$ cat protein-v3.txt   # compact mmCIF, C-alpha atoms
# COMPACT_ATOMS: atom_id res chain seq x y z
CA MET A 146 12.94 10.46 22.84
CA SER A 147 9.38 11.72 22.80
CA PHE A 148 7.09 11.72 19.82
CA ALA A 149 7.27 15.52 19.61
CA ASP A 150 11.06 15.33 19.24
CA TRP A 151 10.71 12.60 16.66
CA ILE A 152 8.15 14.40 14.53
CA SER A 153 10.12 17.67 14.65
CA GLN A 154 12.91 16.21 12.50
CA PRO A 155 12.22 16.85 8.80
CA VAL A 156 13.77 13.53 7.77
CA ASN A 157 11.04 11.72 9.70
CA TRP A 158 8.40 13.53 7.64
CA VAL A 159 10.10 12.16 4.54
CA PHE A 160 10.07 8.74 6.17
CA LEU A 161 6.35 8.99 6.96
CA VAL A 162 5.45 9.97 3.40
CA ILE A 163 7.55 7.22 1.81
CA GLY A 164 6.51 4.63 4.37
CA LEU A 165 2.82 5.37 3.85
CA ALA A 166 3.27 5.08 0.07
CA VAL A 167 5.06 1.75 0.51
CA LEU A 168 2.35 0.37 2.78
CA VAL A 169 -0.51 1.49 0.54
CA SER A 170 1.20 0.01 -2.54
CA ALA A 171 1.93 -3.25 -0.71
CA PHE A 172 -1.70 -3.43 0.43
CA ARG A 173 -2.88 -2.96 -3.15
CA VAL A 174 -0.43 -5.68 -4.31
CA VAL A 175 -2.15 -8.26 -2.11
CA THR A 176 -5.74 -7.03 -2.62
CA SER A 177 -5.93 -5.79 -6.21
CA ARG A 178 -8.46 -7.60 -8.38
CA ASN A 179 -6.42 -6.91 -11.51
CA VAL A 180 -3.27 -8.99 -11.96
CA VAL A 181 -1.39 -6.37 -13.95
CA HIS A 182 -2.24 -3.68 -11.40
CA ALA A 183 -0.86 -5.89 -8.62
CA ALA A 184 2.46 -6.17 -10.45
CA LEU A 185 2.54 -2.42 -11.09
CA PHE A 186 1.77 -1.62 -7.44
CA LEU A 187 4.78 -3.78 -6.56
CA VAL A 188 6.83 -1.22 -8.51
CA GLY A 189 5.52 1.43 -6.11
CA ALA A 190 6.35 -0.65 -3.05
CA LEU A 191 9.86 -1.42 -4.28
CA GLY A 192 10.53 2.14 -5.43
CA GLY A 193 9.47 3.36 -1.97
CA SER A 194 11.81 0.82 -0.40
CA ALA A 195 14.64 2.19 -2.55
CA GLY A 196 13.77 5.63 -1.16
CA LEU A 197 14.00 4.21 2.38
CA PHE A 198 17.42 2.76 1.54
CA LEU A 199 18.51 6.21 0.41
CA LEU A 200 17.29 7.59 3.76
CA LEU A 201 19.36 4.90 5.47
CA SER A 202 22.40 6.08 3.46
CA ALA A 203 22.63 2.80 1.52
CA GLU A 204 22.65 4.36 -1.92
CA PHE A 205 24.27 1.42 -3.75
CA VAL A 206 21.68 -1.07 -2.47
CA ALA A 207 18.93 1.39 -3.39
CA TRP A 208 20.04 1.60 -7.02
CA VAL A 209 20.65 -2.14 -7.21
CA LEU A 210 17.05 -2.56 -6.07
CA VAL A 211 15.82 -0.17 -8.75
CA LEU A 212 17.88 -1.83 -11.49
CA VAL A 213 17.30 -5.46 -10.59
CA TYR A 214 13.72 -5.35 -9.31
CA ILE A 215 12.00 -2.54 -11.12
CA GLY A 216 14.15 -3.00 -14.23
CA ALA A 217 14.21 -6.76 -14.60
CA VAL A 218 12.03 -8.69 -12.15
CA ILE A 219 8.85 -6.69 -12.77
CA VAL A 220 9.28 -7.13 -16.53
CA LEU A 221 9.63 -10.86 -15.93
CA PHE A 222 6.45 -10.82 -13.84
CA LEU A 223 4.54 -8.94 -16.52
CA PHE A 224 5.68 -11.53 -19.07
CA GLY A 225 4.55 -14.28 -16.71
CA ILE A 226 1.13 -12.63 -16.32
CA MET A 227 0.76 -12.16 -20.07
CA ILE A 228 1.66 -15.78 -20.77
CA THR A 229 -0.43 -17.43 -18.06
CA ARG A 230 -3.54 -15.26 -18.29
CA ALA A 231 -4.81 -14.03 -21.62
CA PRO A 232 -7.70 -11.89 -20.27
CA THR A 233 -5.91 -9.36 -18.04
CA GLY A 234 -9.06 -7.65 -16.84
CA LEU A 235 -10.84 -8.00 -13.50
CA ASP A 236 -11.07 -11.50 -12.11
CA GLU A 237 -13.27 -12.55 -9.22
CA GLY A 238 -11.69 -15.99 -8.75
CA LEU A 239 -8.26 -14.54 -7.99
CA ASP A 240 -8.51 -14.85 -4.21
CA SER A 241 -9.48 -17.65 -1.92
CA GLU A 242 -12.90 -17.29 -0.23
CA GLN A 243 -11.37 -17.67 3.22
CA LYS A 244 -9.91 -14.32 4.14
CA VAL A 245 -10.53 -14.00 7.87
CA TRP A 246 -7.98 -16.56 9.05
CA PRO A 247 -5.17 -15.33 6.78
CA ALA A 248 -5.89 -11.76 7.92
CA LEU A 249 -5.79 -12.80 11.57
CA LEU A 250 -2.58 -14.76 11.04
CA SER A 251 -0.84 -11.90 9.27
CA LEU A 252 -2.01 -9.53 12.01
CA ALA A 253 -0.50 -11.92 14.56
CA VAL A 254 2.77 -11.95 12.57
CA PHE A 255 2.82 -8.15 12.51
CA VAL A 256 2.06 -7.79 16.21
CA THR A 257 4.71 -10.36 17.15
CA LEU A 258 7.43 -8.81 14.98
CA ALA A 259 6.61 -5.21 15.88
CA TRP A 260 6.29 -5.96 19.60
CA GLY A 261 9.57 -7.89 19.55
CA SER A 262 11.50 -5.14 17.82
CA ILE A 263 9.99 -2.41 20.03
CA GLU A 264 10.86 -4.42 23.14
CA ALA A 265 14.37 -5.13 21.89
CA PHE A 266 15.40 -1.79 20.41
CA GLY A 267 13.17 0.85 22.01
CA THR A 268 14.32 4.21 20.73
CA ASN A 269 17.85 3.22 19.67
CA PRO A 270 19.03 5.90 17.24
CA LEU A 271 20.65 5.15 13.90
CA ALA A 272 24.42 5.60 13.88
CA THR A 273 24.65 7.15 10.42
CA THR A 274 22.29 9.70 8.99
CA GLY A 275 23.09 11.69 5.92
CA THR A 276 26.56 10.43 5.08
CA PRO A 277 26.27 7.81 2.33
CA THR A 278 28.12 4.51 2.61
CA VAL A 279 31.02 4.71 0.22
CA THR A 280 30.55 2.06 -2.47
CA GLU A 281 34.27 1.33 -2.21
CA ILE A 282 33.68 -0.24 1.23
CA LEU A 283 30.95 -2.47 -0.21
CA GLY A 284 33.15 -3.51 -3.13
CA GLU A 285 36.09 -4.35 -0.89
CA SER A 286 33.77 -6.31 1.38
CA LEU A 287 32.20 -8.23 -1.54
CA LEU A 288 35.53 -9.09 -3.16
CA GLY A 289 37.44 -9.48 0.12
CA ARG A 290 35.84 -11.17 3.07
CA PHE A 291 32.76 -12.29 1.13
CA VAL A 292 34.42 -13.33 -2.12
CA ILE A 293 33.39 -17.00 -1.84
CA PRO A 294 29.71 -16.27 -1.08
CA PHE A 295 29.84 -13.71 -3.89
CA GLU A 296 31.10 -16.26 -6.40
CA MET A 297 28.63 -18.84 -5.08
CA VAL A 298 25.71 -16.48 -5.55
CA GLY A 299 26.90 -15.76 -9.09
CA PHE A 300 27.00 -19.51 -9.72
CA VAL A 301 23.50 -19.91 -8.26
CA LEU A 302 22.24 -17.17 -10.59
CA LEU A 303 23.83 -18.86 -13.61
CA ALA A 304 22.42 -22.25 -12.60
CA ALA A 305 18.97 -20.70 -12.10
CA LEU A 306 19.09 -19.04 -15.53
CA ILE A 307 20.11 -22.26 -17.29
CA GLY A 308 17.54 -24.21 -15.26
CA GLY A 309 14.85 -21.69 -16.13
CA ILE A 310 15.61 -21.95 -19.84
CA THR A 311 15.64 -25.74 -19.65
CA ILE A 312 12.32 -25.91 -17.80
CA ALA A 313 10.54 -23.33 -19.94
CA ARG A 314 11.75 -24.70 -23.28
CA ARG A 315 9.08 -26.55 -25.18
CA ASP A 316 10.12 -30.05 -26.26
CA LEU A 317 9.40 -30.82 -29.89
CA THR A 318 6.64 -33.31 -30.61
CA PRO A 319 7.76 -36.50 -32.46
CA VAL A 320 6.26 -35.15 -35.70
CA GLU A 321 8.17 -31.86 -35.40
CA GLU A 322 11.34 -33.76 -34.56
CA GLU A 323 10.91 -35.79 -37.76
CA GLU A 324 10.44 -32.61 -39.80
CA ARG A 325 13.51 -31.04 -38.26
CA ILE A 326 15.68 -34.04 -39.12
CA THR A 327 14.44 -34.27 -42.70
CA ALA A 328 14.72 -30.51 -43.28
CA MET B 127 15.59 8.68 12.97
CA ILE B 128 15.37 5.65 15.23
CA VAL B 129 15.88 2.08 14.10
CA ASN B 130 12.42 0.95 15.20
CA GLN B 131 10.47 2.99 12.67
CA PHE B 132 12.09 0.93 9.90
CA LEU B 133 11.68 -2.36 11.76
CA VAL B 134 7.94 -1.79 12.36
CA LEU B 135 7.42 -0.78 8.72
CA ALA B 136 9.26 -3.92 7.59
CA ALA B 137 7.10 -6.01 9.95
CA ALA B 138 3.97 -4.52 8.36
CA LEU B 139 5.30 -5.27 4.85
CA PHE B 140 6.14 -8.84 5.90
CA ALA B 141 2.65 -9.32 7.37
CA LEU B 142 1.06 -8.05 4.13
CA GLY B 143 3.24 -10.55 2.23
CA VAL B 144 2.03 -13.37 4.49
CA TYR B 145 -1.59 -12.32 3.89
CA GLY B 146 -1.08 -12.29 0.11
CA LEU B 147 0.67 -15.65 0.21
CA LEU B 148 -2.29 -17.24 2.00
CA VAL B 149 -5.15 -15.51 0.19
CA ARG B 150 -4.04 -15.44 -3.44
CA ARG B 151 -4.82 -18.30 -5.80
CA ASN B 152 -2.84 -17.31 -8.86
CA ILE B 153 0.77 -18.55 -8.70
CA VAL B 154 2.19 -15.33 -10.17
CA LEU B 155 0.49 -13.29 -7.44
CA ILE B 156 1.84 -15.66 -4.77
CA LEU B 157 5.35 -15.01 -6.13
CA LEU B 158 4.65 -11.25 -5.92
CA SER B 159 3.77 -11.66 -2.24
CA VAL B 160 7.04 -13.56 -1.67
CA GLU B 161 8.88 -10.61 -3.21
CA LEU B 162 7.18 -8.29 -0.71
CA MET B 163 8.38 -10.46 2.17
CA LEU B 164 11.95 -10.58 0.84
CA ASN B 165 11.89 -6.82 0.48
CA ALA B 166 10.82 -6.46 4.13
CA VAL B 167 13.86 -8.52 5.13
CA ASN B 168 16.09 -6.25 3.03
CA ILE B 169 14.74 -3.17 4.83
CA ASN B 170 15.57 -4.84 8.16
CA LEU B 171 19.11 -5.69 7.05
CA VAL B 172 19.85 -2.18 5.81
CA ALA B 173 18.30 -0.60 8.95
CA PHE B 174 20.46 -2.77 11.21
CA GLU B 175 23.50 -1.83 9.15
CA ALA B 176 22.65 1.85 9.65
CA MET B 177 22.29 1.23 13.38
CA LEU B 178 25.48 -0.81 13.92
CA ASN B 179 27.57 0.93 11.25
CA THR B 180 29.96 -2.00 10.73
CA PRO B 181 33.27 -1.20 8.99
CA GLU B 182 32.59 -3.74 6.22
CA ALA B 183 28.95 -2.67 5.57
CA LEU B 184 27.81 -6.23 6.37
CA GLY B 185 24.08 -5.54 6.33
CA GLN B 186 24.22 -4.01 2.87
CA VAL B 187 26.32 -6.94 1.58
CA PHE B 188 23.68 -9.35 2.82
CA ALA B 189 20.91 -7.25 1.31
CA ILE B 190 22.66 -7.51 -2.06
CA PHE B 191 22.89 -11.29 -1.65
CA VAL B 192 19.17 -11.46 -0.84
CA ILE B 193 18.34 -9.39 -3.94
CA THR B 194 20.44 -11.71 -6.12
CA VAL B 195 18.89 -14.89 -4.75
CA ALA B 196 15.42 -13.36 -5.10
CA ALA B 197 16.12 -12.62 -8.77
CA ALA B 198 17.20 -16.23 -9.31
CA GLU B 199 14.09 -17.43 -7.47
CA VAL B 200 11.78 -15.36 -9.68
CA GLY B 201 13.47 -16.64 -12.84
CA ILE B 202 13.14 -20.29 -11.93
CA GLY B 203 9.69 -19.82 -10.34
CA LEU B 204 8.21 -18.22 -13.43
CA ALA B 205 9.75 -20.94 -15.62
CA ILE B 206 7.98 -23.55 -13.48
CA VAL B 207 4.72 -21.55 -13.65
CA LEU B 208 5.06 -21.44 -17.43
CA MET B 209 5.57 -25.20 -17.57
CA ILE B 210 2.58 -25.88 -15.30
CA PHE B 211 0.40 -23.53 -17.33
CA ARG B 212 1.43 -25.25 -20.55
CA ASN B 213 0.49 -28.66 -19.18
CA ARG B 214 -2.64 -27.79 -17.18
CA ARG B 215 -3.89 -24.58 -18.88
CA SER B 216 -4.22 -23.00 -15.43
CA ALA B 217 -2.15 -20.91 -13.03
CA ASN B 218 -4.55 -21.54 -10.14
CA VAL B 219 -3.00 -23.37 -7.19
CA ASP B 220 -6.34 -24.91 -6.17
CA GLU B 221 -6.45 -26.86 -9.42
CA LEU B 222 -2.91 -28.23 -9.13
CA ASN B 223 -3.73 -31.41 -7.25
CA LEU B 224 -1.75 -33.85 -9.39
CA MET B 225 0.67 -34.73 -6.59
CA ARG B 226 -2.03 -35.09 -3.96
CA TRP B 227 -3.18 -38.54 -2.91
$ encode --input "protein-v3.txt" --output "structure tokens"
Amino acid sequence: MSFADWISQPVNWVFLVIGLAVLVSAFRVVTSRNVVHAALFLVGALGGSAGLFLLLSAEFVAWVLVLVYIGAVIVLFLFGIMITRAPTGLDEGLDSEQKVWPALLSLAVFVTLAWGSIEAFGTNPLATTGTPTVTEILGESLLGRFVIPFEMVGFVLLAALIGGITIARRDLTPVEEEERITA
Amino acid sequence: MIVNQFLVLAAALFALGVYGLLVRRNIVLILLSVELMLNAVNINLVAFEAMLNTPEALGQVFAIFVITVAAAEVGIGLAIVLMIFRNRRSANVDELNLMRW
């Protein structure tokens, strides 16, 4: 398949627009000097990924991503930022001074992964385009073949929630403990 | 659409996550970079599912598992960050040298 064939499909234009938005947002996540802006650019990157999932006809995963990440995880991150950093303005000490080696390493990671996938898959087409995966199939898979991993992951989530509450809870000082008993 | 356009995009996202992980000093921003990398993996899984078109939608099932575990990871990670900040008044990884000898 030549590039002219590829670019002539309208769906690939949609892909290019969304992909560019995702990459720009992800770049701003790792370079932004403002902590809150970094978290908000992650919303852009994740929302773009949800759009890519819709292109890949995985509509359930796309909306799970929107609900769980953009709805819950980003809010958690914003809380974390607000608690750990009272001045939310620009901060020069946010990054390490050494940037060349990390940039080179991440470039090497990109080249390795991209080269490997291009070598392995070439121009393999996608099997499904346009017809969404019926959520029924996903539900039967989750509660059929994958029921034990599904329950395990639910247990892990519960354990993580209880663990998070236990870690983040502030223990009372001896004086406060005394006051609580006497009160 | 070919499968490689998604794989290369996911590789770029993963590489950006690696860069953020190495360059950032604030723990919350390091966790954000980890989220970027996990999201790149999800794009790969869903793209492979669209290529192979398995009858049980395996790739999407695994993507949902990854999303769930990532949510648990963020919850516990931010609780630990909160605890560290309460004890050290800092969320800067360079200053957390208590366990170094």
$ closest_residue --input "protein-v3.txt" --among "A:Glu281, A:Glu242, A:Asp316, A:Glu321" --to "B:Arg212" --atoms "only C-alpha atoms"
A:Asp316
$ atom_distance --input "protein-v3.txt" --atom1 "atom CA of A:Leu317" --atom2 "atom CA of A:Val220"
27.2 Å
$ atom_distance --input "protein-v3.txt" --atom1 "atom CA of A:Gly309" --atom2 "atom CA of B:Gly201"
6.2 Å
$ residues_near_point --input "protein-v3.txt" --point "(27.8, 4.3, 14.5)" --cutoff "7 Å" --atoms "all atoms listed in the file" --output "MDAnalysis selection string"
(chainID A and resid 272:273) or (chainID B and resid 177:179)
$ atom_distance --input "protein-v3.txt" --atom1 "atom CA of A:Ala149" --atom2 "atom CA of B:Leu133"
20.0 Å
$ closest_residue --input "protein-v3.txt" --among "A:Ala195, A:Ala265, A:Val254, A:Ile307" --to "chain B" --atoms "all atoms listed in the file"
A:Val254
$ closest_residue --input "protein-v3.txt" --among "B:Ile128, B:Leu222, B:Leu204, B:Ile156" --to "B:Ala173" --atoms "all atoms listed in the file"
B:Ile128
$ interface_residues --input "protein-v3.txt" --of "chain B" --to "chain A" --cutoff "6 Å" --atoms "all atoms listed in the file" --output "VMD selection string"
chain B and resid 128 to 129 134 137 to 138 141 144 to 146 148 to 151 176 to 177 182 198 202 205 209
$ write_last_selection --input "protein-v3.txt" --atoms "C-alpha atoms" --output "short mmCIF file (atom, residue, chain, number, x, y, z; two decimals), in the frame of the given file"
data_model
loop_
_atom_site.label_atom_id
_atom_site.label_comp_id
_atom_site.auth_asym_id
_atom_site.auth_seq_id
_atom_site.Cartn_x
_atom_site.Cartn_y
_atom_site.Cartn_z
CA ILE B 128 15.37 5.65 15.23
CA VAL B 129 15.88 2.08 14.10
CA VAL B 134 7.94 -1.79 12.36
CA ALA B 137 7.10 -6.01 9.95
CA ALA B 138 3.97 -4.52 8.36
CA ALA B 141 2.65 -9.32 7.37
CA VAL B 144 2.03 -13.37 4.49
CA TYR B 145 -1.59 -12.32 3.89
CA GLY B 146 -1.08 -12.29 0.11
CA LEU B 148 -2.29 -17.24 2.00
CA VAL B 149 -5.15 -15.51 0.19
CA ARG B 150 -4.04 -15.44 -3.44
CA ARG B 151 -4.82 -18.30 -5.80
CA ALA B 176 22.65 1.85 9.65
CA MET B 177 22.29 1.23 13.38
CA GLU B 182 32.59 -3.74 6.22
CA ALA B 198 17.20 -16.23 -9.31
CA ILE B 202 13.14 -20.29 -11.93
CA ALA B 205 9.75 -20.94 -15.62
CA MET B 209 5.57 -25.20 -17.57
#
$ closest_residue --input "protein-v3.txt" --among "B:Asn165, B:Thr194, B:Gln131, B:Ser216" --to "B:Gly143" --atoms "only C-alpha atoms"
B:Asn165
$ closest_residue --input "protein-v3.txt" --among "A:Met297, A:Leu185, A:Val292, A:Ile215" --to "B:Val195" --atoms "all atoms listed in the file"
A:Met297
$ residues_around --input "protein-v3.txt" --residues "B:Val192" --least-positions-apart "3" --cutoff "8 Å" --atoms "only C-alpha atoms" --output "list in words"
Leu164, Asn168, Phe188, Ala189, Val195 and Ala196 of chain B
$ closest_residue --input "protein-v3.txt" --among "B:Val172, B:Leu224, B:Val167, B:Leu162" --to "B:Leu142" --atoms "all atoms listed in the file"
B:Leu162
$ axis_aligned_box --input "protein-v3.txt" --around "stretch 168-185 of chain B" --padding-each-side "3 Å" --output "lines of an AutoDock Vina configuration file"
center_x = 24.0
center_y = -2.2
center_z = 8.5
size_x = 24.5
size_y = 14.1
size_z = 16.9
